[in-house]
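Undergrad: This is final_9.cif (mmCIF, C-alpha atoms).
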```cif
data_input
loop_
_atom_site.group_PDB
_atom_site.id
_atom_site.type_symbol
_atom_site.label_atom_id
_atom_site.label_comp_id
_atom_site.auth_asym_id
_atom_site.auth_seq_id
_atom_site.Cartn_x
_atom_site.Cartn_y
_atom_site.Cartn_z
ATOM 1 C CA MET L 20 -42.740 103.482 -13.526
ATOM 2 C CA LYS L 21 -40.969 101.055 -15.834
ATOM 3 C CA GLU L 22 -42.224 97.911 -14.100
ATOM 4 C CA LEU L 23 -45.436 97.020 -12.280
ATOM 5 C CA SER L 24 -43.223 95.552 -9.546
ATOM 6 C CA LEU L 25 -42.092 99.138 -8.823
ATOM 7 C CA ASN L 26 -45.716 100.254 -8.489
ATOM 8 C CA ILE L 27 -46.250 97.338 -6.098
ATOM 9 C CA LEU L 28 -43.249 98.442 -4.019
ATOM 10 C CA ASP L 29 -44.589 101.990 -3.943
ATOM 11 C CA ILE L 30 -48.124 100.990 -2.919
ATOM 12 C CA ALA L 31 -46.826 98.556 -0.272
ATOM 13 C CA MET L 32 -44.785 101.433 1.198
ATOM 14 C CA ASN L 33 -48.109 103.158 1.921
ATOM 15 C CA SER L 34 -49.118 100.057 3.899
ATOM 16 C CA VAL L 35 -45.858 100.263 5.840
ATOM 17 C CA LYS L 36 -46.576 103.903 6.643
ATOM 18 C CA ALA L 37 -50.133 102.983 7.690
ATOM 19 C CA GLY L 38 -48.615 100.891 10.482
ATOM 20 C CA ALA L 39 -49.570 97.497 9.025
ATOM 21 C CA LYS L 40 -48.438 94.339 10.797
ATOM 22 C CA ASN L 41 -49.310 92.158 7.814
ATOM 23 C CA ILE L 42 -49.036 93.011 4.132
ATOM 24 C CA THR L 43 -50.202 90.578 1.477
ATOM 25 C CA ILE L 44 -49.146 90.905 -2.151
ATOM 26 C CA SER L 45 -50.947 88.580 -4.459
ATOM 27 C CA ILE L 46 -50.491 88.425 -8.204
ATOM 28 C CA THR L 47 -52.719 86.246 -10.340
ATOM 29 C CA GLU L 48 -52.241 85.613 -14.038
ATOM 30 C CA SER L 49 -54.970 83.862 -15.907
ATOM 31 C CA GLY L 50 -55.142 83.961 -19.689
ATOM 32 C CA ASP L 51 -54.794 87.555 -20.818
ATOM 33 C CA VAL L 52 -55.511 89.093 -17.410
ATOM 34 C CA LEU L 53 -52.992 89.947 -14.724
ATOM 35 C CA SER L 54 -54.358 91.102 -11.392
ATOM 36 C CA ILE L 55 -52.582 92.510 -8.388
ATOM 37 C CA ALA L 56 -53.958 92.882 -4.870
ATOM 38 C CA ILE L 57 -52.092 94.575 -2.038
ATOM 39 C CA THR L 58 -53.860 94.123 1.283
ATOM 40 C CA ASP L 59 -52.830 95.423 4.696
ATOM 41 C CA ASP L 60 -54.109 95.639 8.254
ATOM 42 C CA GLY L 61 -52.886 99.210 8.737
ATOM 43 C CA CYS L 62 -54.875 102.205 9.992
ATOM 44 C CA GLY L 63 -57.012 102.397 6.841
ATOM 45 C CA MET L 64 -58.676 105.493 5.437
ATOM 46 C CA THR L 65 -62.019 107.188 5.891
ATOM 47 C CA LYS L 66 -64.481 107.193 3.009
ATOM 48 C CA GLU L 67 -63.635 110.818 2.273
ATOM 49 C CA GLN L 68 -59.936 110.016 1.947
ATOM 50 C CA THR L 69 -60.581 106.943 -0.221
ATOM 51 C CA ASP L 70 -62.761 108.949 -2.605
ATOM 52 C CA LYS L 71 -60.082 111.571 -3.148
ATOM 53 C CA LEU L 72 -57.257 109.103 -3.542
ATOM 54 C CA SER L 73 -56.872 109.107 -7.308
ATOM 55 C CA ASP L 74 -56.644 112.885 -7.298
ATOM 56 C CA PRO L 75 -52.904 113.593 -7.611
ATOM 57 C CA PHE L 76 -53.318 116.819 -5.699
ATOM 58 C CA PHE L 77 -54.702 115.080 -2.651
ATOM 59 C CA THR L 78 -52.240 113.919 -0.030
ATOM 60 C CA THR L 79 -52.125 113.712 3.762
ATOM 61 C CA ARG L 80 -48.489 114.669 3.700
ATOM 62 C CA SER L 81 -47.353 118.149 4.626
ATOM 63 C CA THR L 82 -43.968 118.117 2.870
ATOM 64 C CA ARG L 83 -45.438 118.331 -0.630
ATOM 65 C CA LYS L 84 -48.788 119.001 -2.197
ATOM 66 C CA VAL L 85 -48.863 116.053 -4.589
ATOM 67 C CA GLY L 86 -49.246 112.301 -4.190
ATOM 68 C CA LEU L 87 -48.624 110.352 -7.347
ATOM 69 C CA GLY L 88 -48.378 106.737 -6.220
ATOM 70 C CA ILE L 89 -52.010 105.686 -6.665
ATOM 71 C CA PRO L 90 -52.580 107.814 -9.818
ATOM 72 C CA PHE L 91 -49.531 106.151 -11.465
ATOM 73 C CA PHE L 92 -50.798 102.667 -10.631
ATOM 74 C CA LYS L 93 -54.315 103.547 -11.799
ATOM 75 C CA LEU L 94 -52.976 104.900 -15.084
ATOM 76 C CA ALA L 95 -50.922 101.734 -15.652
ATOM 77 C CA ALA L 96 -54.092 99.643 -15.271
ATOM 78 C CA GLU L 97 -56.444 101.884 -17.247
ATOM 79 C CA GLN L 98 -54.100 102.281 -20.220
ATOM 80 C CA THR L 99 -54.471 98.522 -20.841
ATOM 81 C CA GLY L 100 -58.268 98.650 -20.480
ATOM 82 C CA GLY L 101 -58.094 97.485 -16.872
ATOM 83 C CA LYS L 102 -59.156 99.103 -13.640
ATOM 84 C CA LEU L 103 -58.085 100.016 -10.133
ATOM 85 C CA GLU L 104 -60.209 99.704 -7.009
ATOM 86 C CA ILE L 105 -59.557 100.622 -3.419
ATOM 87 C CA LYS L 106 -61.409 99.372 -0.385
ATOM 88 C CA SER L 107 -60.539 100.667 3.018
ATOM 89 C CA ILE L 108 -61.831 100.565 6.564
ATOM 90 C CA SER L 109 -60.475 103.222 8.888
ATOM 91 C CA SER L 110 -59.437 102.276 12.410
ATOM 92 C CA GLU L 111 -61.573 105.239 13.514
ATOM 93 C CA ASP L 112 -64.643 103.409 12.205
ATOM 94 C CA ASN L 113 -63.738 99.874 13.244
ATOM 95 C CA GLN L 114 -61.066 99.226 15.842
ATOM 96 C CA ASN L 115 -60.938 95.470 15.331
ATOM 97 C CA ASN L 116 -61.077 95.153 11.586
ATOM 98 C CA HIS L 117 -59.320 97.852 9.621
ATOM 99 C CA GLY L 118 -56.954 98.135 6.686
ATOM 100 C CA THR L 119 -56.765 98.773 2.979
ATOM 101 C CA THR L 120 -56.912 96.700 -0.188
ATOM 102 C CA VAL L 121 -55.640 98.105 -3.468
ATOM 103 C CA PHE L 122 -56.715 95.931 -6.364
ATOM 104 C CA ALA L 123 -55.884 96.411 -10.030
ATOM 105 C CA PHE L 124 -56.145 94.326 -13.151
ATOM 106 C CA PHE L 125 -54.393 94.614 -16.491
ATOM 107 C CA TYR L 126 -54.747 93.199 -19.990
ATOM 108 C CA LYS L 127 -51.371 91.700 -20.812
ATOM 109 C CA ASN L 128 -51.768 91.713 -24.583
ATOM 110 C CA HIS L 129 -52.507 95.421 -24.738
ATOM 111 C CA ILE L 130 -49.673 97.392 -26.325
ATOM 112 C CA ASP L 131 -49.526 99.721 -23.304
ATOM 113 C CA PHE L 132 -49.147 96.915 -20.763
ATOM 114 C CA THR L 133 -46.249 97.576 -18.381
ATOM 115 C CA PRO L 134 -44.301 94.355 -17.680
ATOM 116 C CA LEU L 135 -44.322 93.004 -14.128
ATOM 117 C CA GLY L 136 -40.520 93.147 -13.969
ATOM 118 C CA ASP L 137 -38.355 92.112 -11.042
ATOM 119 C CA ILE L 138 -40.952 91.250 -8.396
ATOM 120 C CA LEU L 139 -38.412 89.313 -6.316
ATOM 121 C CA SER L 140 -36.406 92.529 -5.874
ATOM 122 C CA THR L 141 -39.538 94.260 -4.638
ATOM 123 C CA VAL L 142 -40.224 91.572 -2.031
ATOM 124 C CA ILE L 143 -36.604 91.636 -0.802
ATOM 125 C CA THR L 144 -36.591 95.460 -0.665
ATOM 126 C CA LEU L 145 -39.761 95.453 1.461
ATOM 127 C CA ILE L 146 -38.388 92.890 3.934
ATOM 128 C CA GLN L 147 -35.072 94.770 4.073
ATOM 129 C CA GLY L 148 -36.837 98.011 4.995
ATOM 130 C CA SER L 149 -39.419 96.577 7.405
ATOM 131 C CA PRO L 150 -38.097 93.378 8.983
ATOM 132 C CA ASP L 151 -40.767 93.455 11.706
ATOM 133 C CA ILE L 152 -43.727 93.383 9.324
ATOM 134 C CA ASP L 153 -45.030 90.051 8.064
ATOM 135 C CA PHE L 154 -45.141 89.939 4.276
ATOM 136 C CA HIS L 155 -47.169 87.315 2.465
ATOM 137 C CA PHE L 156 -46.410 86.900 -1.204
ATOM 138 C CA MET L 157 -48.272 84.853 -3.778
ATOM 139 C CA HIS L 158 -47.825 84.664 -7.531
ATOM 140 C CA ILE L 159 -50.246 82.317 -9.198
ATOM 141 C CA THR L 160 -50.176 81.613 -12.920
ATOM 142 C CA ASP L 161 -51.780 78.957 -15.100
ATOM 143 C CA ASP L 162 -48.808 76.651 -14.677
ATOM 144 C CA ARG L 163 -47.127 77.584 -11.381
ATOM 145 C CA ASN L 164 -47.770 78.739 -7.814
ATOM 146 C CA VAL L 165 -45.122 80.757 -6.007
ATOM 147 C CA CYS L 166 -45.758 81.355 -2.337
ATOM 148 C CA PHE L 167 -43.745 82.834 0.517
ATOM 149 C CA SER L 168 -44.555 84.213 3.944
ATOM 150 C CA THR L 169 -42.121 85.776 6.397
ATOM 151 C CA LYS L 170 -44.266 84.276 9.145
ATOM 152 C CA GLU L 171 -43.052 80.747 8.438
ATOM 153 C CA ILE L 172 -39.401 81.708 8.798
ATOM 154 C CA ARG L 173 -39.838 84.161 11.688
ATOM 155 C CA GLU L 174 -40.748 81.263 13.971
ATOM 156 C CA GLN L 175 -37.469 79.556 13.059
ATOM 157 C CA LEU L 176 -35.332 82.642 13.515
ATOM 158 C CA GLY L 177 -36.505 84.007 16.867
ATOM 159 C CA VAL L 178 -34.735 87.278 17.632
ATOM 160 C CA ILE L 179 -32.586 87.346 14.475
ATOM 161 C CA PRO L 180 -33.821 90.240 12.321
ATOM 162 C CA LEU L 181 -35.069 89.249 8.878
ATOM 163 C CA ASN L 182 -32.954 91.904 7.162
ATOM 164 C CA GLU L 183 -29.635 90.266 7.974
ATOM 165 C CA PRO L 184 -27.965 89.845 4.559
ATOM 166 C CA GLU L 185 -27.646 86.088 4.952
ATOM 167 C CA ILE L 186 -31.346 85.778 5.678
ATOM 168 C CA LEU L 187 -32.270 88.042 2.732
ATOM 169 C CA ASN L 188 -30.105 85.904 0.459
ATOM 170 C CA TRP L 189 -31.769 82.764 1.741
ATOM 171 C CA ILE L 190 -35.258 84.216 1.128
ATOM 172 C CA SER L 191 -34.233 85.353 -2.345
ATOM 173 C CA ASP L 192 -32.925 81.884 -3.269
ATOM 174 C CA TYR L 193 -35.966 80.211 -1.693
ATOM 175 C CA ILE L 194 -38.371 82.248 -3.851
ATOM 176 C CA LYS L 195 -36.174 81.985 -6.958
ATOM 177 C CA GLU L 196 -36.262 78.200 -6.709
ATOM 178 C CA GLN L 197 -40.024 78.233 -6.939
ATOM 179 C CA TYR L 198 -39.834 80.134 -10.235
ATOM 180 C CA GLU L 199 -37.448 77.596 -11.796
ATOM 181 C CA MET B 294 -33.506 72.660 -2.638
ATOM 182 C CA LYS B 295 -33.780 75.300 0.107
ATOM 183 C CA THR B 296 -35.281 74.037 3.347
ATOM 184 C CA LEU B 297 -36.444 75.754 6.513
ATOM 185 C CA ALA B 298 -34.001 73.542 8.444
ATOM 186 C CA GLU B 299 -31.117 75.496 6.882
ATOM 187 C CA LEU B 300 -32.349 78.550 8.747
ATOM 188 C CA ALA B 301 -31.549 76.920 12.088
ATOM 189 C CA ALA B 302 -27.890 76.712 11.044
ATOM 190 C CA ILE B 303 -27.873 80.351 9.892
ATOM 191 C CA LYS B 304 -29.526 81.350 13.154
ATOM 192 C CA ALA B 305 -26.894 79.630 15.299
ATOM 193 C CA LYS B 306 -24.174 81.397 13.344
ATOM 194 C CA MET B 307 -25.902 84.805 13.484
ATOM 195 C CA GLN B 308 -26.811 84.940 17.172
ATOM 196 C CA GLU B 309 -23.298 85.753 18.348
ATOM 197 C CA LYS B 310 -22.739 88.349 15.631
ATOM 198 C CA VAL B 311 -26.020 90.134 16.296
ATOM 199 C CA ALA B 312 -25.345 90.341 20.050
ATOM 200 C CA MET B 313 -21.872 91.741 19.391
ATOM 201 C CA ARG B 314 -23.127 94.406 17.068
ATOM 202 C CA GLU B 315 -25.564 95.962 19.517
ATOM 203 C CA GLY B 316 -24.491 99.399 20.643
ATOM 204 C CA ALA B 317 -21.562 99.646 18.236
ATOM 205 C CA ALA B 318 -21.049 103.103 16.722
ATOM 206 C CA SER B 319 -22.219 102.880 13.176
ATOM 207 C CA THR B 320 -22.503 104.550 9.838
ATOM 208 C CA ARG B 321 -25.995 104.877 8.411
ATOM 209 C CA ILE B 322 -26.845 104.805 4.720
ATOM 210 C CA VAL B 323 -30.360 106.097 4.103
ATOM 211 C CA VAL B 324 -32.036 105.582 0.717
ATOM 212 C CA GLY B 325 -35.140 107.588 -0.286
ATOM 213 C CA MET B 326 -37.881 105.113 -1.188
ATOM 214 C CA ALA B 327 -40.980 107.199 -1.863
ATOM 215 C CA THR B 328 -42.768 107.298 -5.248
ATOM 216 C CA CYS B 329 -40.202 109.776 -6.609
ATOM 217 C CA GLY B 330 -37.234 107.677 -5.515
ATOM 218 C CA ILE B 331 -38.689 104.384 -6.709
ATOM 219 C CA ALA B 332 -39.595 105.840 -10.112
ATOM 220 C CA ALA B 333 -36.068 107.224 -10.507
ATOM 221 C CA GLY B 334 -34.388 103.890 -9.725
ATOM 222 C CA ALA B 335 -33.926 103.683 -5.930
ATOM 223 C CA ARG B 336 -34.658 99.953 -5.715
ATOM 224 C CA PRO B 337 -31.489 98.767 -7.496
ATOM 225 C CA VAL B 338 -29.481 101.430 -5.611
ATOM 226 C CA LEU B 339 -30.697 100.136 -2.240
ATOM 227 C CA ASN B 340 -30.036 96.527 -3.170
ATOM 228 C CA ALA B 341 -26.569 97.409 -4.479
ATOM 229 C CA PHE B 342 -25.726 99.014 -1.099
ATOM 230 C CA VAL B 343 -26.954 95.962 0.824
ATOM 231 C CA GLU B 344 -24.929 93.676 -1.433
ATOM 232 C CA GLU B 345 -21.770 95.781 -1.446
ATOM 233 C CA ILE B 346 -21.761 96.351 2.343
ATOM 234 C CA ASN B 347 -22.134 92.619 2.872
ATOM 235 C CA LYS B 348 -19.487 91.751 0.282
ATOM 236 C CA GLU B 349 -16.986 94.135 1.873
ATOM 237 C CA GLY B 350 -17.677 92.660 5.318
ATOM 238 C CA LEU B 351 -18.897 96.016 6.642
ATOM 239 C CA PHE B 352 -22.256 94.785 7.883
ATOM 240 C CA ASP B 353 -21.241 95.076 11.549
ATOM 241 C CA LYS B 354 -20.443 98.764 11.219
ATOM 242 C CA VAL B 355 -22.886 100.003 8.622
ATOM 243 C CA THR B 356 -26.675 99.900 8.449
ATOM 244 C CA VAL B 357 -28.702 100.470 5.296
ATOM 245 C CA THR B 358 -32.177 101.912 5.880
ATOM 246 C CA GLN B 359 -35.019 103.381 3.850
ATOM 247 C CA THR B 360 -36.863 106.648 4.197
ATOM 248 C CA GLY B 361 -39.666 108.543 2.474
ATOM 249 C CA CYS B 362 -39.530 111.642 0.307
ATOM 250 C CA ILE B 363 -37.205 114.359 1.608
ATOM 251 C CA GLY B 364 -38.467 116.984 -0.840
ATOM 252 C CA ILE B 365 -35.785 117.086 -3.524
ATOM 253 C CA CYS B 366 -37.502 114.761 -5.999
ATOM 254 C CA GLN B 367 -35.604 116.129 -9.016
ATOM 255 C CA PHE B 368 -32.369 114.719 -7.534
ATOM 256 C CA GLU B 369 -33.645 111.179 -6.883
ATOM 257 C CA PRO B 370 -32.380 108.564 -6.250
ATOM 258 C CA VAL B 371 -31.075 110.377 -3.162
ATOM 259 C CA VAL B 372 -28.846 108.686 -0.590
ATOM 260 C CA GLU B 373 -27.773 110.214 2.711
ATOM 261 C CA VAL B 374 -24.706 108.919 4.520
ATOM 262 C CA TYR B 375 -24.419 109.613 8.267
ATOM 263 C CA THR B 376 -20.992 108.843 9.697
ATOM 264 C CA PRO B 377 -20.230 108.314 13.437
ATOM 265 C CA ASP B 378 -18.762 111.847 13.660
ATOM 266 C CA ASN B 379 -22.305 113.146 12.976
ATOM 267 C CA GLU B 380 -21.486 114.353 9.491
ATOM 268 C CA LYS B 381 -24.116 113.987 6.789
ATOM 269 C CA VAL B 382 -23.335 113.698 3.085
ATOM 270 C CA THR B 383 -26.112 113.779 0.480
ATOM 271 C CA TYR B 384 -25.496 111.875 -2.735
ATOM 272 C CA VAL B 385 -27.855 112.552 -5.648
ATOM 273 C CA LYS B 386 -28.879 110.882 -8.906
ATOM 274 C CA MET B 387 -27.412 107.639 -7.648
ATOM 275 C CA THR B 388 -27.067 104.453 -9.665
ATOM 276 C CA ALA B 389 -26.027 100.921 -8.767
ATOM 277 C CA GLU B 390 -22.699 101.614 -10.527
ATOM 278 C CA LYS B 391 -21.994 104.682 -8.380
ATOM 279 C CA VAL B 392 -22.667 102.654 -5.215
ATOM 280 C CA LYS B 393 -19.392 100.725 -5.544
ATOM 281 C CA ARG B 394 -17.324 103.918 -5.453
ATOM 282 C CA VAL B 395 -19.251 105.408 -2.529
ATOM 283 C CA VAL B 396 -18.710 102.225 -0.502
ATOM 284 C CA SER B 397 -15.021 101.809 -1.299
ATOM 285 C CA GLU B 398 -13.977 105.484 -1.165
ATOM 286 C CA HIS B 399 -16.315 107.018 1.408
ATOM 287 C CA ILE B 400 -17.603 104.234 3.672
ATOM 288 C CA LYS B 401 -14.335 102.286 3.710
ATOM 289 C CA GLY B 402 -11.775 104.976 2.884
ATOM 290 C CA GLY B 403 -13.316 107.992 4.598
ATOM 291 C CA ASN B 404 -13.081 110.194 1.491
ATOM 292 C CA ILE B 405 -16.313 111.749 0.241
ATOM 293 C CA VAL B 406 -16.978 111.190 -3.476
ATOM 294 C CA SER B 407 -17.664 114.869 -4.051
ATOM 295 C CA GLU B 408 -18.627 114.598 -7.739
ATOM 296 C CA TYR B 409 -21.775 112.652 -6.723
ATOM 297 C CA THR B 410 -22.843 115.016 -3.934
ATOM 298 C CA ILE B 411 -25.706 117.509 -4.045
ATOM 299 C CA GLY B 412 -23.220 120.379 -3.986
ATOM 300 C CA ASN B 413 -21.988 119.326 -7.403
ATOM 301 C CA ALA B 414 -25.396 118.588 -8.928
ATOM 302 C CA LYS B 415 -26.536 120.687 -11.847
#
```
Once you've parsed the file, please lay out its structure as structure tokens.
TA:
Amino acid sequence: MKELSLNILDIAMNSVKAGAKNITISITESGDVLSIAITDDGCGMTKEQTDKLSDPFFTTRSTRKVGLGIPFFKLAAEQTGGKLEIKSISSEDNQNNHGTTVFAFFYKNHIDFTPLGDILSTVITLIQGSPDIDFHFMHITDDRNVCFSTKEIREQLGVIPLNEPEILNWISDYIKEQYE
Amino acid sequence: MKTLAELAAIKAKMQEKVAMREGAASTRIVVGMATCGIAAGARPVLNAFVEEINKEGLFDKVTVTQTGCIGICQFEPVVEVYTPDNEKVTYVKMTAEKVKRVVSEHIKGGNIVSEYTIGNAK
């Protein structure tokens, strides 16, 4: 992956497939460290599944025998001296409180650091593909806080789907403004 | 400055359009967005389709959706176009530049851009 924002898109797609109603993407930059957390309230995974997750030859899919999403993201973190951690509670184990958090941190000054890239595109792509899921996005750096939640606009829009082009454009401009 | 109040105006404008669109026969553009697709460049392809369909005023007749891996990772980014006559065309190794031609020639004009299809892939 050429950008960490593409890894984020890929990992968040797992949350979509896990049936999440809420997906939170939070990026924090402080000094030399960039950390990314993707949290969902989807079906979660059992301990056995979580343990095997960084093995590229483990997947629950039947179409192919490899799953490279998590190994790619882990590699991107570890090649900078950082780390990836996954915490998950399966809905089989706890019906009321389940979901997955994928957390990774990176050292930005390391020569093998992958740039974050076009994170706005990732957020828009996720909303376009899953207009019924609530996405919460935060990007906190030493000098700026960017924050957006589909929840705040869903109340305004009622039955209008969030992936109408005019709405997507509005969201894109709304987030862009916060970066200026 | 963007405000939430602007959304109320967009909503009023949209409501009619959305109601009208329901049930209309439509063309579907499906973009593969699994790890393989994303790594090969599916994100800009998807966004180019959304933009182009909107720009050409085709949003009422065409929907752009995402799907997972369909098993031909070496050809990603893969895009499938389903037309109302139940035909399916598979475009492979797509780029944002190729999207323009697919929209104008195939989606608007009804002529498949055969040089981008899987049948012509090496």
Undergrad: For chain L, work out the contacting residues on chain B at 7 Å, counting all atoms listed in the file, and write them as a ChimeraX atom specification.
TA: /B:295,300-301,304,308,327-328,331-332,347,358-359,364
Undergrad: Skip Glu408 in chain B itself and residues of its chain fewer than 5 positions away, then list as a PyMOL selection string all residues within 10 Å of it, counting all atoms listed in the file.
TA: chain B and resi 384-385+413-414
Undergrad: What's the separation between CA of His399 in chain B and CA of Gly330 in chain B, in Å to one decimal place?
TA: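 Between these atoms lies a distance of 22.0 Å.
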Undergrad: Name all residues at most 8 Å from range 65-75 of chain L (count all atoms listed in the file; drop same-chain ones fewer than 2 positions away) and give them as a PyMOL selection string.
TA: chain L and resi 63+77-78+85-87+89-90+93+105-109+111-112
Undergrad: Work out how far apart CA of Asp51 in chain L and CA of Asn164 in chain L are and give it in Å to one decimal.
TA: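 That distance, rounded to one decimal, is 17.2 Å.
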Undergrad: By how many Å are CA of Asn115 in chain L and CA of Gly61 in chain L apart?
TA: 11.1 Å
Undergrad: Which residues come within 12 Å of Pro377 in chain B, counting all atoms listed in the file, excluding same-chain residues fewer than 4 positions away, as a list in words?
TA: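 Near Pro377 in chain B, the qualifying residues are Ala317, Ala318, Ser319, Thr320, Arg321, Ile322, Lys354, Val355, Thr356, Lys381, Ile400 and Gly403 of chain B.
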Undergrad: Can you pull out every residue within 10 Å of Val323 in chain B, counting all atoms listed in the file, but drop anything in the same chain fewer than 2 positions away, and send it as a list in words?
TA: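 Listed by chain and then number, they are Thr320, Arg321, Gly325, Met326, Leu339, Phe342, Thr356, Val357, Thr358, Gln359, Thr360, Gly361, Val371, Val372, Glu373, Val374, Tyr375 and Thr383 of chain B.
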Undergrad: Excluding range 155-159 of chain L and residues on its chain fewer than 3 positions from it, collect all residues at most 9 Å away from it, counting all atoms listed in the file, and give them as a PDB file with C-alpha atoms, in the coordinates of the input.
TA:
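Printed below is result.pdb as written:
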```
ATOM      1  CA  ASN L  41     -49.310  92.158   7.814  1.00  0.00           C
ATOM      2  CA  ILE L  42     -49.036  93.011   4.132  1.00  0.00           C
ATOM      3  CA  THR L  43     -50.202  90.578   1.477  1.00  0.00           C
ATOM      4  CA  ILE L  44     -49.146  90.905  -2.151  1.00  0.00           C
ATOM      5  CA  SER L  45     -50.947  88.580  -4.459  1.00  0.00           C
ATOM      6  CA  ILE L  46     -50.491  88.425  -8.204  1.00  0.00           C
ATOM      7  CA  THR L  47     -52.719  86.246 -10.340  1.00  0.00           C
ATOM      8  CA  GLU L  48     -52.241  85.613 -14.038  1.00  0.00           C
ATOM      9  CA  SER L  49     -54.970  83.862 -15.907  1.00  0.00           C
ATOM     10  CA  VAL L 142     -40.224  91.572  -2.031  1.00  0.00           C
ATOM     11  CA  ASP L 162     -48.808  76.651 -14.677  1.00  0.00           C
ATOM     12  CA  ARG L 163     -47.127  77.584 -11.381  1.00  0.00           C
ATOM     13  CA  ASN L 164     -47.770  78.739  -7.814  1.00  0.00           C
ATOM     14  CA  VAL L 165     -45.122  80.757  -6.007  1.00  0.00           C
ATOM     15  CA  CYS L 166     -45.758  81.355  -2.337  1.00  0.00           C
ATOM     16  CA  PHE L 167     -43.745  82.834   0.517  1.00  0.00           C
ATOM     17  CA  SER L 168     -44.555  84.213   3.944  1.00  0.00           C
ATOM     18  CA  THR L 169     -42.121  85.776   6.397  1.00  0.00           C
ATOM     19  CA  LYS L 170     -44.266  84.276   9.145  1.00  0.00           C
TER      20      LYS L 170
END
```
Undergrad: With distances taken over all atoms listed in the file, which residue among B:Ile365, B:Ile411, B:Ala335, B:Ile346 lies nearest Arg394 in chain B?
TA: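 Counting all atoms listed in the file, the residue closest to Arg394 in chain B is B:Ile346.
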Undergrad: Where's the centre, and what are the edge lengths in Å to one decimal, of a box along x, y and z enclosing all listed atoms of range 380-393 of chain B padded 8 Å per side, as JSON?
TA:
```
{"center_x": -24.1, "center_y": 107.5, "center_z": -0.5, "size_x": 25.5, "size_y": 29.6, "size_z": 36.0}
```
Undergrad: Identify which of the residues B:Val382, B:Ile363, B:Val311, B:Val338 lies closest to Asn404 in chain B, counting only C-alpha atoms when measuring atom-to-atom distances.
TA: B:Val382
